[in-house]
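Chemist: Starting off with a structure, shown below.
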Amino acid sequence: MTQNYTILFDLDGTLVDTAPDLMGAHNHVMKKYGFPTKSTEEIRNLVGQGAGALIGRSIWGQAKKEYQSVTNQEIKDKMSKDFVEYYGRNIINQSTLINGVKEFLKWCKEKNISMAVCTNKQEHLAIDLLKKIGIYDYFEYVAGSDTFDYCKPDPRHITNIIEILGGDIKKSLMIGDSETDANAAKAASVPVILLENGYTEKNSNEIYHNHLIKDFIGVEKIVSNYLKD
């Protein structure tokens with residue numbers, strides 16, 4: 001049965017604040033290979049008591065800079081492997097749902113909206129996280145960075161999922177937190193709901209979007225307008 005509407009969700013920074021656990025894995029690997037790094041707490045102190053998403057953005061930006069400073073590709077490959085293995089074992093130590101997520105997913109189910117996750121996280125890690133944090137059953141499909149031969153910002157990451165779900169591009173939405181999500185959705189001609197202060201070094205006003213939200217509280221009002229069409 002074709003659903004009346006389809007919503008695709010990014011995962012990290014959109015559905016779940018995963019930055020603390022990602023940073024924990026990053027720190028573990030950097031220390032193992034003798035590279036200096038800041039702790040999560042040190043970075044939290046730098047940004048004060050701001051919103052969780054803002055903290056997450058700062059943490060992730062710091063991690064990217066530190067990792068990019070490693071120039072030996074062989075070492076980098078080993079570090080990447082160790083990162084995935086360690087993160088997989090510690091995937092939900094401190095990660096939490098973004099405010100209002102579960103209530104919004106319940107509302108979507110009641111409205112017969114078809115939902116899927118479109119993430120650049122590896123598929124097995126995405127599924128494991130969704131199961132452990134208790135929202136996996138809301139989604140009909142989960143596509144990670146390794147599900148297809150391409151991933152965001154390639155629009156086919158989005159359009160393939162919609163096709164698999166039997167959906168319609170003209171009756172679909174993308175909810176994400178970064179330019180990667182926004183650019184993929186724009187190229188696929190799918191409207192974008194953007195979370196502020198996402199896991200990106202760009203400000204929200206620099207990223208394409210149709211709607212800007214702080215969290216999932218009240219997002220039903222935005223989506224309801226699309227359901228009327």
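The way I read the labels, and the way they are meant: chains A, B, ... in the order of the structure tokens, residue 1 as the first residue of every chain, and ligand 1 as the first ligand shown, with later ones counted on from there.
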Using only C-alpha atoms, I'd like a table of the residues in stretch 78-99 of chain A that come within 8 Å of stretch 120-138 of chain A; for each, show the closest atom pair and its distance in Å rounded to one decimal, ordered by chain and ascending number, as a tab-separated table.

Modeler:
residue	atom	partner	partner_atom	distance
A:Gly88	CA	A:Leu125	CA	6.5
A:Ile91	CA	A:Leu129	CA	6.4
A:Ile92	CA	A:Leu129	CA	6.9
A:Thr96	CA	A:Ile133	CA	7.6
A:Leu97	CA	A:Ile133	CA	7.6

Chemist: Hey, which bits of stretch 130-180 of chain A sit within 12 Å of stretch 209-221 of chain A, and for each residue what's the closest pair of atoms and how far apart in Å (one decimal), counting only C-alpha atoms, rows by chain and increasing number, as a tab-separated table?

Modeler:
residue	atom	partner	partner_atom	distance
A:Leu173	CA	A:Asn210	CA	10.1
A:Met174	CA	A:His209	CA	9.8
A:Ile175	CA	A:His211	CA	9.5
A:Gly176	CA	A:His209	CA	9.5
A:Asp177	CA	A:Leu212	CA	9.6
A:Ser178	CA	A:His209	CA	9.8
A:Glu179	CA	A:His209	CA	9.1
A:Thr180	CA	A:His209	CA	11.6

Chemist: Using DSSP on the backbone coordinates, identify the residues of stretch 124-228 of chain A assigned to strand (DSSP E); present them as a ChimeraX atom specification.

Modeler: /A:141-143,172-176,192-195,211-213

Chemist: Record the distance separating atom CA of A:Arg89 and atom CA of A:Glu201, expressed in Å with one decimal.

Modeler: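 Value for the atom CA of A:Arg89-atom CA of A:Glu201 distance: 27.4 Å.
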
Chemist: Per DSSP on the backbone, what are the helix (DSSP H, G or I) residues of stretch 10-173 of chain A, as a PyMOL selection string?

Modeler: chain A and resi 19-32+40-47+52-68+73-89+101-110+123-133+136-138+156-164+169-171

Chemist: When you draw a straight line from atom CA of A:Asp21 to atom CA of A:Arg156, how long is it in Å?

Modeler: 29.0 Å

Chemist: Please identify all polymer residues within 10 Å of A:Leu227, counting only C-alpha atoms, omitting same-chain residues fewer than 3 positions from it, and present them as a compact mmCIF listing (two decimals) with N, CA and C atoms, in the first residue's frame.

Modeler:
# COMPACT_ATOMS: atom_id res chain seq x y z
N ASN A 4 0.48 7.89 2.18
CA ASN A 4 0.04 9.19 1.70
C ASN A 4 1.16 10.23 1.76
N TYR A 5 2.18 9.97 2.57
CA TYR A 5 3.29 10.91 2.65
C TYR A 5 4.53 10.17 3.16
N LYS A 111 -0.74 9.30 11.56
CA LYS A 111 -1.15 9.94 10.31
C LYS A 111 -0.82 9.08 9.09
N ILE A 113 2.01 8.21 7.94
CA ILE A 113 3.16 8.72 7.20
C ILE A 113 4.24 7.65 7.18
N LYS A 171 5.42 14.10 -2.62
CA LYS A 171 4.78 13.96 -1.31
C LYS A 171 5.80 13.45 -0.30
N SER A 172 6.96 14.11 -0.29
CA SER A 172 8.05 13.69 0.60
C SER A 172 8.73 14.89 1.23
N ILE A 222 4.03 22.10 10.96
CA ILE A 222 4.67 22.27 9.65
C ILE A 222 4.25 21.16 8.70
N VAL A 223 4.36 19.93 9.19
CA VAL A 223 4.06 18.77 8.34
C VAL A 223 2.59 18.74 7.95
N SER A 224 1.72 19.17 8.85
CA SER A 224 0.27 19.16 8.55
C SER A 224 -0.06 19.99 7.33

Chemist: Which residues come within 12 Å of A:Ile98, counting only C-alpha atoms, excluding same-chain residues fewer than 4 positions away, as a compact mmCIF listing (two decimals) with C-alpha atoms, in the first residue's frame?

Modeler:
# COMPACT_ATOMS: atom_id res chain seq x y z
CA ASP A 10 18.97 12.10 9.03
CA LEU A 11 20.23 10.39 12.20
CA ASP A 12 23.24 12.05 13.89
CA GLY A 13 22.27 15.47 15.19
CA THR A 14 18.74 15.13 13.85
CA LEU A 15 17.04 12.24 15.64
CA VAL A 16 19.78 11.56 18.17
CA ASP A 17 22.44 13.71 19.84
CA THR A 18 25.25 11.24 19.24
CA ALA A 19 28.14 13.71 19.58
CA ALA A 51 21.89 23.85 23.75
CA GLY A 52 22.83 20.21 23.24
CA ALA A 53 22.94 20.60 19.49
CA GLY A 56 27.40 18.66 19.56
CA LYS A 102 9.47 10.11 19.98
CA GLU A 103 6.27 12.12 20.24
CA PHE A 104 6.66 13.31 16.65
CA LEU A 105 7.32 9.78 15.37
CA ILE A 133 17.62 3.97 21.77
CA ILE A 135 12.86 4.11 17.92
CA GLY A 176 18.19 16.99 8.69
CA ASP A 177 20.74 19.19 10.41
CA LEU A 195 17.43 21.70 12.75
CA GLU A 196 19.37 24.68 14.05
CA GLY A 198 23.50 20.92 13.61
CA ILE A 213 13.35 24.27 13.83
CA LYS A 214 15.08 24.06 17.23
CA ASP A 215 13.81 20.56 18.01
CA PHE A 216 10.77 18.40 17.24
CA ILE A 217 8.33 20.21 19.49

Chemist: Skip A:Tyr208 itself and residues of its chain fewer than 4 positions away, then list as a ChimeraX atom specification all residues within 9 Å of it, counting only C-alpha atoms.

Modeler: /A:179,182-183,186,192,194,204

Chemist: Quick one: distance from atom CA of A:Lys228 to atom CA of A:Ser189 in Å, one decimal?

Modeler: 18.6 Å

Chemist: Can you work out which one of A:Leu22, A:Ile162, A:Val29, A:Ile193 has the shortest atom-to-atom distance to A:Ser114, counting only C-alpha atoms?

Modeler: A:Ile162

Chemist: Pick from A:Lys78, A:Gly167, A:Ala184, A:Thr6: nearest to A:Pro155, with only C-alpha atoms counted?

Modeler: A:Ala184
